[in-house]
>>> print(open('upload_19.csv').read())   # CSV, C-alpha atoms
chain,number,residue,atom,x,y,z
A,1,MET,CA,4.0,-20.7,-4.2
A,2,GLU,CA,5.2,-17.9,-2.0
A,3,LEU,CA,4.5,-14.3,-3.0
A,4,SER,CA,7.2,-11.7,-2.6
A,5,GLY,CA,5.6,-8.2,-2.8
A,6,PRO,CA,4.5,-6.2,-5.9
A,7,ARG,CA,5.4,-7.5,-9.4
A,8,TRP,CA,6.2,-4.5,-11.6
A,9,LYS,CA,5.7,-5.0,-15.3
A,10,CYS,CA,9.0,-3.3,-16.1
A,11,LYS,CA,12.1,-2.5,-13.9
A,12,ASN,CA,11.7,1.3,-14.2
A,13,PHE,CA,8.0,1.3,-13.4
A,14,VAL,CA,8.6,1.5,-9.7
A,15,GLN,CA,10.4,4.8,-10.2
A,16,ILE,CA,7.5,6.1,-12.3
A,17,ALA,CA,5.0,5.1,-9.6
A,18,ASN,CA,7.1,6.7,-6.8
A,19,SER,CA,7.3,10.0,-8.7
A,20,ASN,CA,3.6,10.0,-9.4
A,21,PRO,CA,1.9,9.0,-6.1
A,22,MET,CA,-1.7,7.9,-6.5
A,23,SER,CA,-2.9,10.2,-3.8
A,24,GLU,CA,-1.6,13.3,-5.7
A,25,ILE,CA,-3.3,12.2,-9.0
A,26,ILE,CA,-6.6,11.6,-7.2
A,27,THR,CA,-6.3,15.1,-5.7
A,28,GLN,CA,-5.9,16.5,-9.3
A,29,LEU,CA,-8.9,14.4,-10.3
A,30,LYS,CA,-11.0,15.8,-7.5
A,31,VAL,CA,-10.2,19.4,-8.5
A,32,CYS,CA,-10.9,18.7,-12.2
A,33,LEU,CA,-14.3,17.0,-11.5
A,34,SER,CA,-15.3,19.7,-9.1
A,35,ASN,CA,-14.5,22.5,-11.6
A,36,SER,CA,-16.2,20.8,-14.5
A,37,GLU,CA,-19.3,20.0,-12.4
A,38,SER,CA,-19.6,16.7,-14.2
A,39,THR,CA,-22.7,14.5,-13.7
A,40,ALA,CA,-22.8,10.7,-13.9
A,41,LEU,CA,-26.0,9.3,-15.4
A,42,LEU,CA,-27.5,6.0,-14.4
A,43,ILE,CA,-27.5,3.5,-17.3
A,44,GLY,CA,-28.6,0.0,-16.3
A,45,THR,CA,-26.7,-1.1,-13.2
A,46,ASP,CA,-23.7,1.3,-13.8
A,47,PHE,CA,-23.2,5.0,-14.4
A,48,LEU,CA,-22.1,6.8,-17.5
A,49,LEU,CA,-19.8,9.9,-17.3
A,50,GLU,CA,-18.9,12.1,-20.2
A,51,ALA,CA,-15.4,13.5,-19.9
A,52,ALA,CA,-13.3,16.2,-21.5
A,53,PRO,CA,-9.7,15.4,-22.5
A,54,GLU,CA,-8.2,16.6,-19.2
A,55,LEU,CA,-10.7,14.6,-17.2
A,56,THR,CA,-10.2,11.6,-19.4
A,57,ASP,CA,-6.5,11.6,-18.7
A,58,LEU,CA,-7.0,11.8,-15.0
A,59,LEU,CA,-9.7,9.1,-14.9
A,60,ASN,CA,-7.3,6.8,-16.8
A,61,ARG,CA,-4.4,7.6,-14.6
A,62,THR,CA,-6.3,6.9,-11.4
A,63,SER,CA,-8.0,3.9,-13.0
A,64,PHE,CA,-11.6,5.0,-12.2
A,65,GLY,CA,-14.1,3.4,-14.4
A,66,ARG,CA,-13.7,1.9,-17.9
A,67,GLN,CA,-13.4,4.0,-20.9
A,68,LEU,CA,-15.9,3.2,-23.7
A,69,LYS,CA,-15.0,3.1,-27.3
A,70,THR,CA,-17.2,5.3,-29.5
A,71,SER,CA,-17.2,6.4,-33.1
A,72,ASN,CA,-16.8,10.0,-32.1
A,73,ASP,CA,-13.2,10.7,-31.1
A,74,ALA,CA,-14.2,14.2,-29.8
A,75,LYS,CA,-16.3,12.7,-27.0
A,76,HIS,CA,-15.1,10.4,-24.2
A,77,TYR,CA,-17.3,8.3,-22.0
A,78,PHE,CA,-16.6,6.3,-18.9
A,79,GLN,CA,-18.6,3.5,-17.3
A,80,LEU,CA,-18.4,3.7,-13.5
A,81,SER,CA,-19.4,1.0,-11.1
A,82,PRO,CA,-21.8,1.8,-8.2
A,83,GLU,CA,-19.0,1.7,-5.7
A,84,GLU,CA,-16.8,4.0,-7.8
A,85,THR,CA,-19.7,6.4,-8.4
A,86,PHE,CA,-20.6,6.6,-4.7
A,87,TYR,CA,-16.9,7.0,-3.7
A,88,LEU,CA,-16.5,10.0,-6.0
A,89,HIS,CA,-19.8,11.5,-5.1
A,90,HIS,CA,-19.8,11.0,-1.3
A,91,TYR,CA,-16.2,10.7,-0.1
A,92,LEU,CA,-14.4,12.9,-2.6
A,93,GLU,CA,-17.5,15.2,-3.0
A,94,CYS,CA,-16.6,16.0,-6.6
A,95,LEU,CA,-19.2,14.2,-8.8
A,96,LYS,CA,-22.8,14.9,-9.3
A,97,VAL,CA,-25.2,12.0,-9.9
A,98,SER,CA,-28.5,11.8,-11.7
A,99,ILE,CA,-30.7,8.7,-12.1
A,100,ASP,CA,-33.4,10.2,-14.4
A,101,ASP,CA,-31.4,12.6,-16.6
A,102,THR,CA,-33.1,15.6,-15.1
A,103,THR,CA,-32.0,16.5,-11.5
A,104,SER,CA,-29.0,15.6,-9.4
A,105,ILE,CA,-29.6,13.7,-6.2
A,106,ASN,CA,-27.8,14.0,-2.8
A,107,SER,CA,-25.8,11.3,-1.0
A,108,ASN,CA,-28.7,10.0,1.1
A,109,GLU,CA,-30.9,9.6,-1.9
A,110,LEU,CA,-28.2,7.8,-3.9
A,111,TRP,CA,-27.5,5.6,-0.9
A,112,ASN,CA,-31.1,4.6,-0.5
A,113,TYR,CA,-31.4,4.0,-4.3
A,114,MET,CA,-28.3,1.8,-4.3
A,115,ARG,CA,-29.8,-0.3,-1.5
A,116,THR,CA,-33.0,-0.9,-3.4
A,117,ARG,CA,-31.0,-2.1,-6.4
A,118,ASN,CA,-28.7,-4.3,-4.3
A,119,GLU,CA,-29.3,-4.9,-0.6
A,120,LEU,CA,-25.6,-5.9,-0.1
A,121,PHE,CA,-24.3,-2.6,-1.7
A,122,PRO,CA,-23.5,-1.1,1.8
A,123,ILE,CA,-21.3,-4.0,2.6
A,124,TYR,CA,-19.4,-4.1,-0.7
A,125,TYR,CA,-19.0,-0.3,-0.7
A,126,LYS,CA,-17.6,-0.4,2.8
A,127,ALA,CA,-15.0,-2.9,1.6
A,128,TYR,CA,-14.3,-0.8,-1.5
A,129,PHE,CA,-13.9,2.4,0.5
A,130,HIS,CA,-11.6,0.6,3.0
A,131,LEU,CA,-9.2,-0.2,0.2
A,132,ARG,CA,-9.6,2.9,-2.1
A,133,SER,CA,-9.2,5.4,0.8
A,134,LYS,CA,-5.7,3.8,1.4
A,135,ASN,CA,-4.8,4.6,-2.3
A,136,TRP,CA,-5.1,1.0,-3.5
A,137,VAL,CA,-6.5,0.8,-7.0
A,138,VAL,CA,-9.6,-1.4,-6.8
A,139,LYS,CA,-11.1,-3.3,-9.8
A,140,LEU,CA,-13.7,-6.0,-10.1
A,141,GLY,CA,-12.3,-9.5,-9.6
A,142,THR,CA,-14.9,-11.5,-11.5
A,143,ARG,CA,-12.3,-12.9,-13.9
A,144,ASN,CA,-10.4,-14.4,-10.9
A,145,GLY,CA,-13.5,-15.6,-9.1
A,146,VAL,CA,-13.3,-13.0,-6.3
A,147,ASP,CA,-15.0,-9.7,-5.5
A,148,TYR,CA,-12.1,-7.3,-6.1
A,149,VAL,CA,-8.5,-7.3,-7.2
A,150,VAL,CA,-6.2,-4.5,-5.9
A,151,TYR,CA,-3.2,-2.9,-7.4
A,152,ARG,CA,-0.4,-0.9,-5.6
A,153,HIS,CA,-0.5,1.6,-8.5
A,154,HIS,CA,-2.0,1.8,-12.0
A,155,PRO,CA,-2.6,-1.6,-13.6
A,156,ALA,CA,-0.5,-0.6,-16.6
A,157,LEU,CA,2.6,-0.5,-14.2
A,158,VAL,CA,2.1,-3.3,-11.8
A,159,HIS,CA,0.2,-6.6,-11.6
A,160,SER,CA,-2.6,-6.9,-9.0
A,161,GLU,CA,-1.3,-7.9,-5.6
A,162,TYR,CA,-4.3,-9.2,-3.8
A,163,ALA,CA,-7.5,-11.0,-4.6
A,164,VAL,CA,-10.2,-9.8,-2.3
A,165,ILE,CA,-13.1,-11.7,-0.9
A,166,VAL,CA,-15.8,-9.8,1.0
A,167,ASP,CA,-17.7,-11.4,3.9
A,168,TRP,CA,-19.8,-9.9,6.5
A,169,GLU,CA,-21.1,-10.3,10.1
A,170,LYS,CA,-24.2,-8.5,11.3
A,171,GLU,CA,-24.9,-7.5,14.9
A,172,LYS,CA,-27.0,-10.6,15.5
A,173,GLU,CA,-24.9,-13.8,15.5
A,174,GLU,CA,-27.2,-15.7,13.2
A,175,ASN,CA,-27.0,-13.1,10.5
A,176,LYS,CA,-23.7,-13.8,8.8
A,177,GLY,CA,-22.5,-14.0,5.2
A,178,ASP,CA,-22.3,-17.3,3.4
A,179,ARG,CA,-18.8,-17.0,2.1
A,180,LEU,CA,-16.0,-19.5,2.9
A,181,LYS,CA,-18.1,-21.7,5.1
A,182,VAL,CA,-16.1,-24.8,4.7
A,183,TRP,CA,-12.3,-25.5,4.3
A,184,SER,CA,-12.7,-26.6,0.7
A,185,ASP,CA,-13.8,-23.0,-0.1
A,186,PHE,CA,-10.6,-21.7,1.4
A,187,HIS,CA,-8.5,-24.3,-0.5
A,188,CYS,CA,-10.1,-23.5,-3.8
A,189,ALA,CA,-9.8,-19.7,-3.4
A,190,ILE,CA,-6.1,-19.9,-2.3
A,191,ARG,CA,-5.2,-22.4,-5.0
A,192,ALA,CA,-6.8,-20.4,-7.8
A,193,CYS,CA,-5.3,-17.1,-6.7
A,194,ASN,CA,-1.9,-18.5,-6.1
A,195,GLY,CA,-1.9,-19.8,-9.6
A,196,VAL,CA,-2.1,-16.3,-10.9
A,197,ALA,CA,0.4,-14.9,-8.3
A,198,LYS,CA,-2.2,-13.2,-6.0
A,199,ALA,CA,-2.5,-13.4,-2.3
A,200,VAL,CA,-6.1,-13.9,-0.9
A,201,LEU,CA,-7.3,-11.0,1.3
A,202,LEU,CA,-10.4,-11.6,3.3
A,203,LEU,CA,-12.3,-8.5,4.3
A,204,ASN,CA,-14.9,-9.1,6.9
A,205,VAL,CA,-17.3,-6.2,7.3
A,206,MET,CA,-18.4,-6.5,11.0
A,207,SER,CA,-21.2,-5.1,13.2
A,208,CYS,CA,-23.2,-4.0,10.2
A,209,ASP,CA,-26.9,-3.7,9.4
A,210,VAL,CA,-27.7,-2.9,5.8
A,211,ASN,CA,-30.8,-1.1,7.0
A,212,PHE,CA,-28.8,1.6,8.7
A,213,SER,CA,-28.8,5.1,7.2
A,214,LEU,CA,-25.8,6.4,5.3
A,215,PRO,CA,-23.8,8.1,8.1
A,216,GLU,CA,-24.7,5.5,10.7
A,217,PHE,CA,-23.6,2.5,8.6
A,218,LEU,CA,-20.3,4.0,7.6
A,219,GLU,CA,-19.6,5.0,11.2
A,220,ARG,CA,-20.6,1.7,12.9
A,221,ALA,CA,-19.4,-0.9,10.4
A,222,THR,CA,-15.7,-1.9,10.8
A,223,VAL,CA,-13.5,-3.9,8.4
A,224,ASP,CA,-11.3,-6.8,9.6
A,225,GLU,CA,-8.4,-7.7,7.2
A,226,ARG,CA,-7.0,-11.1,7.0
A,227,GLN,CA,-4.5,-12.4,4.5
A,228,ILE,CA,-4.9,-16.1,3.8
A,229,THR,CA,-1.9,-18.1,2.6
A,230,ARG,CA,-1.2,-21.8,1.7
A,231,TRP,CA,0.7,-24.1,4.0
A,232,ILE,CA,4.2,-24.6,2.5
A,233,PRO,CA,5.7,-28.0,3.3
A,234,SER,CA,9.3,-26.6,3.4
A,235,GLN,CA,8.2,-24.4,6.3
A,236,CYS,CA,6.4,-27.2,8.2
A,237,ARG,CA,6.6,-27.6,12.0
A,238,ASP,CA,8.8,-30.7,12.0
A,239,ASP,CA,11.6,-28.7,10.2
A,240,CYS,CA,11.3,-25.9,12.8
A,241,LYS,CA,11.6,-28.4,15.6
A,242,LEU,CA,14.7,-30.0,14.1
A,243,VAL,CA,16.3,-26.5,13.9
A,244,GLU,CA,15.4,-25.8,17.5
A,245,MET,CA,16.7,-29.2,18.8
A,246,LYS,CA,20.0,-28.7,16.9
A,247,GLY,CA,20.4,-25.2,18.5
A,248,GLU,CA,19.9,-26.7,22.0
A,249,ASN,CA,22.4,-29.5,21.4
A,250,ASP,CA,25.0,-26.9,20.3
>>> encode(input="upload_19.csv", output="C-alpha cells")
Amino acid sequence: MELSGPRWKCKNFVQIANSNPMSEIITQLKVCLSNSESTALLIGTDFLLEAAPELTDLLNRTSFGRQLKTSNDAKHYFQLSPEETFYLHHYLECLKVSIDDTTSINSNELWNYMRTRNELFPIYYKAYFHLRSKNWVVKLGTRNGVDYVVYRHHPALVHSEYAVIVDWEKEKEENKGDRLKVWSDFHCAIRACNGVAKAVLLLNVMSCDVNFSLPEFLERATVDERQITRWIPSQCRDDCKLVEMKGEND
C-alpha cells in the first residue's frame, strides 16, 4: 500500500486547517496560559490541569492533553502527559507545575523529577519536542503499537499521517536502544502501520546520555529522521531495468 499525503476527513477541512494555522493557535494558547497563571498538578504518572472556558477551547483546538468528563459542567479538567507538560512548561514557558499541591517547581527540578520516574523520559521528550516544535500534533501511539502518532493538524480534521518509533544511540557504541533489532521487527511495524494507512517514521535520538542536565541534554542530543516503507513489487528493480533497456534500444 502506497501512501499519498494527508487524508483529510472531509474535502473542505484542508481549507479550515489552512485558515487556522496550528502555530497561530498555539501562540494564543501560550498567551492564555500565561495570563491565567495556570498550574498543572501531578496525579499519578500524568498531570491534571483545571481550565476556564477560553483555555478549554484552546487546549482542544491545539490537541494538548485529554479532556476529562466530570459531573460539574462549570469546571473543565485536562490530563496532560509528561511530555506535554514539560513542553508547555519549559519550551513555551506558559505553564506552572506542582508535584505536591503546594509550591511550583522550576524546569531543572521538573526535569530531574521526570528522570527519577522514567529514566528514558529525556529521550522520549526530545523526540516529542522534535515533532511538536514543527507544529505536528503528537499523540500517544499505544493503540497502533508505536510510541507516537502525528497529525498534520487537529485529529478531528485529518487522519494521523505517521506512526513514530523512538530509538536511541548513546555516546558509547555499546549503549544503544533495543528497538527494531531484527528485520522481522521492521516487517511487523511496517505491515501493521500500512494496514491503517500510516507511514512508519523512525526517530533515532543520537549522542545522548540520560544523565545529562537539562540544557546540556537538549543541546547535545540530535534527532535523525528516517521514513521506512514497504518494498512494492510493481516498483521492483527488474521493471526499472526493462524500462532502461527499452530506452537504450530506441
>>> closest_residue(input="upload_19.csv", among="A:Lys75, A:His154, A:Arg191, A:Arg117", to="Ile25 of chain A", atoms="only C-alpha atoms")
A:His154
>>> residues_near_point(input="upload_19.csv", point="(-16.0, 7.9, -21.8)", cutoff="12 Å", atoms="only C-alpha atoms", output="PyMOL selection string")
chain A and resi 40-41+47-60+64-80
>>> residues_around(input="upload_19.csv", residues="segment 218-228 of chain A", least_positions_apart="4", cutoff="8 Å", atoms="all atoms listed in the file", output="number ranges by chain")
A: 126-127, 130, 190, 199-208, 214
>>> residues_around(input="upload_19.csv", residues="Ala163 of chain A", least_positions_apart="5", cutoff="10 Å", atoms="only C-alpha atoms", output="VMD selection string")
chain A and resid 139 to 141 144 to 151 189 to 190 192 to 194 196 to 202 227
>>> atom_distance(input="upload_19.csv", atom1="atom CA of His153 of chain A", atom2="atom CA of Asn135 of chain A")
8.1 Å
>>> atom_distance(input="upload_19.csv", atom1="atom CA of Ile105 of chain A", atom2="atom CA of Leu29 of chain A")
21.1 Å
>>> closest_residue(input="upload_19.csv", among="A:Val31, A:Ile123, A:Leu42, A:Ile26", to="Ile99 of chain A", atoms="only C-alpha atoms")
A:Leu42
>>> closest_residue(input="upload_19.csv", among="A:Ser38, A:Thr27, A:Thr229, A:Gln15", to="Val158 of chain A", atoms="only C-alpha atoms")
A:Gln15
>>> atom_distance(input="upload_19.csv", atom1="atom CA of Glu84 of chain A", atom2="atom CA of Trp111 of chain A")
12.8 Å
>>> closest_residue(input="upload_19.csv", among="A:Ser81, A:Thr62, A:Thr45, A:Ser213", to="Tyr124 of chain A", atoms="only C-alpha atoms")
A:Ser81
>>> build_atoms(input="upload_19.csv", residues="segment 112-144 of chain A", atoms="N, CA and C atoms", output="CSV table (one decimal), in the frame of the given file")
chain,number,residue,atom,x,y,z
A,112,ASN,N,-29.9,5.3,-0.6
A,112,ASN,CA,-31.1,4.6,-0.5
A,112,ASN,C,-31.4,3.9,-1.9
A,113,TYR,N,-31.2,4.6,-3.0
A,113,TYR,CA,-31.4,4.0,-4.3
A,113,TYR,C,-30.5,2.8,-4.5
A,114,MET,N,-29.2,2.9,-4.1
A,114,MET,CA,-28.3,1.8,-4.3
A,114,MET,C,-28.8,0.6,-3.5
A,115,ARG,N,-29.3,0.8,-2.3
A,115,ARG,CA,-29.8,-0.3,-1.5
A,115,ARG,C,-31.0,-1.0,-2.1
A,116,THR,N,-31.8,-0.2,-2.8
A,116,THR,CA,-33.0,-0.9,-3.4
A,116,THR,C,-32.6,-1.7,-4.6
A,117,ARG,N,-31.5,-1.3,-5.3
A,117,ARG,CA,-31.0,-2.1,-6.4
A,117,ARG,C,-30.2,-3.4,-6.0
A,118,ASN,N,-29.5,-3.2,-4.8
A,118,ASN,CA,-28.7,-4.3,-4.3
A,118,ASN,C,-28.6,-4.2,-2.8
A,119,GLU,N,-29.2,-5.1,-2.1
A,119,GLU,CA,-29.3,-4.9,-0.6
A,119,GLU,C,-27.9,-5.1,0.0
A,120,LEU,N,-27.0,-5.7,-0.7
A,120,LEU,CA,-25.6,-5.9,-0.1
A,120,LEU,C,-24.7,-4.7,-0.6
A,121,PHE,N,-25.2,-3.7,-1.2
A,121,PHE,CA,-24.3,-2.6,-1.7
A,121,PHE,C,-23.6,-2.0,-0.5
A,122,PRO,N,-24.2,-1.7,0.7
A,122,PRO,CA,-23.5,-1.1,1.8
A,122,PRO,C,-22.3,-1.9,2.2
A,123,ILE,N,-22.4,-3.2,2.2
A,123,ILE,CA,-21.3,-4.0,2.6
A,123,ILE,C,-20.1,-4.0,1.6
A,124,TYR,N,-20.4,-4.1,0.3
A,124,TYR,CA,-19.4,-4.1,-0.7
A,124,TYR,C,-18.8,-2.7,-0.8
A,125,TYR,N,-19.6,-1.6,-0.6
A,125,TYR,CA,-19.0,-0.3,-0.7
A,125,TYR,C,-18.1,0.0,0.5
A,126,LYS,N,-18.4,-0.5,1.7
A,126,LYS,CA,-17.6,-0.4,2.8
A,126,LYS,C,-16.2,-1.0,2.6
A,127,ALA,N,-16.2,-2.2,2.0
A,127,ALA,CA,-15.0,-2.9,1.6
A,127,ALA,C,-14.2,-2.1,0.6
A,128,TYR,N,-14.9,-1.6,-0.4
A,128,TYR,CA,-14.3,-0.8,-1.5
A,128,TYR,C,-13.7,0.4,-0.9
A,129,PHE,N,-14.4,1.1,-0.1
A,129,PHE,CA,-13.9,2.4,0.5
A,129,PHE,C,-12.7,2.1,1.4
A,130,HIS,N,-12.7,1.0,2.1
A,130,HIS,CA,-11.6,0.6,3.0
A,130,HIS,C,-10.3,0.5,2.2
A,131,LEU,N,-10.4,0.0,1.0
A,131,LEU,CA,-9.2,-0.2,0.2
A,131,LEU,C,-8.8,1.1,-0.6
A,132,ARG,N,-9.8,1.7,-1.2
A,132,ARG,CA,-9.6,2.9,-2.1
A,132,ARG,C,-9.1,4.1,-1.2
A,133,SER,N,-9.6,4.2,0.0
A,133,SER,CA,-9.2,5.4,0.8
A,133,SER,C,-7.7,5.2,1.3
A,134,LYS,N,-7.1,4.0,1.1
A,134,LYS,CA,-5.7,3.8,1.4
A,134,LYS,C,-4.9,3.9,0.1
A,135,ASN,N,-5.5,4.4,-1.0
A,135,ASN,CA,-4.8,4.6,-2.3
A,135,ASN,C,-4.5,3.3,-3.0
A,136,TRP,N,-5.2,2.2,-2.7
A,136,TRP,CA,-5.1,1.0,-3.5
A,136,TRP,C,-6.0,1.2,-4.7
A,137,VAL,N,-5.6,0.8,-5.9
A,137,VAL,CA,-6.5,0.8,-7.0
A,137,VAL,C,-7.3,-0.5,-7.0
A,138,VAL,N,-8.7,-0.3,-7.0
A,138,VAL,CA,-9.6,-1.4,-6.8
A,138,VAL,C,-10.4,-1.7,-8.0
A,139,LYS,N,-10.3,-2.9,-8.5
A,139,LYS,CA,-11.1,-3.3,-9.8
A,139,LYS,C,-11.9,-4.5,-9.5
A,140,LEU,N,-12.9,-4.8,-10.2
A,140,LEU,CA,-13.7,-6.0,-10.1
A,140,LEU,C,-12.9,-7.2,-10.3
A,141,GLY,N,-13.1,-8.2,-9.5
A,141,GLY,CA,-12.3,-9.5,-9.6
A,141,GLY,C,-13.1,-10.6,-10.2
A,142,THR,N,-14.1,-10.4,-11.0
A,142,THR,CA,-14.9,-11.5,-11.5
A,142,THR,C,-14.1,-12.5,-12.3
A,143,ARG,N,-13.1,-12.0,-13.0
A,143,ARG,CA,-12.3,-12.9,-13.9
A,143,ARG,C,-11.5,-13.9,-13.0
A,144,ASN,N,-11.2,-13.5,-11.8
A,144,ASN,CA,-10.4,-14.4,-10.9
A,144,ASN,C,-11.3,-15.1,-9.8
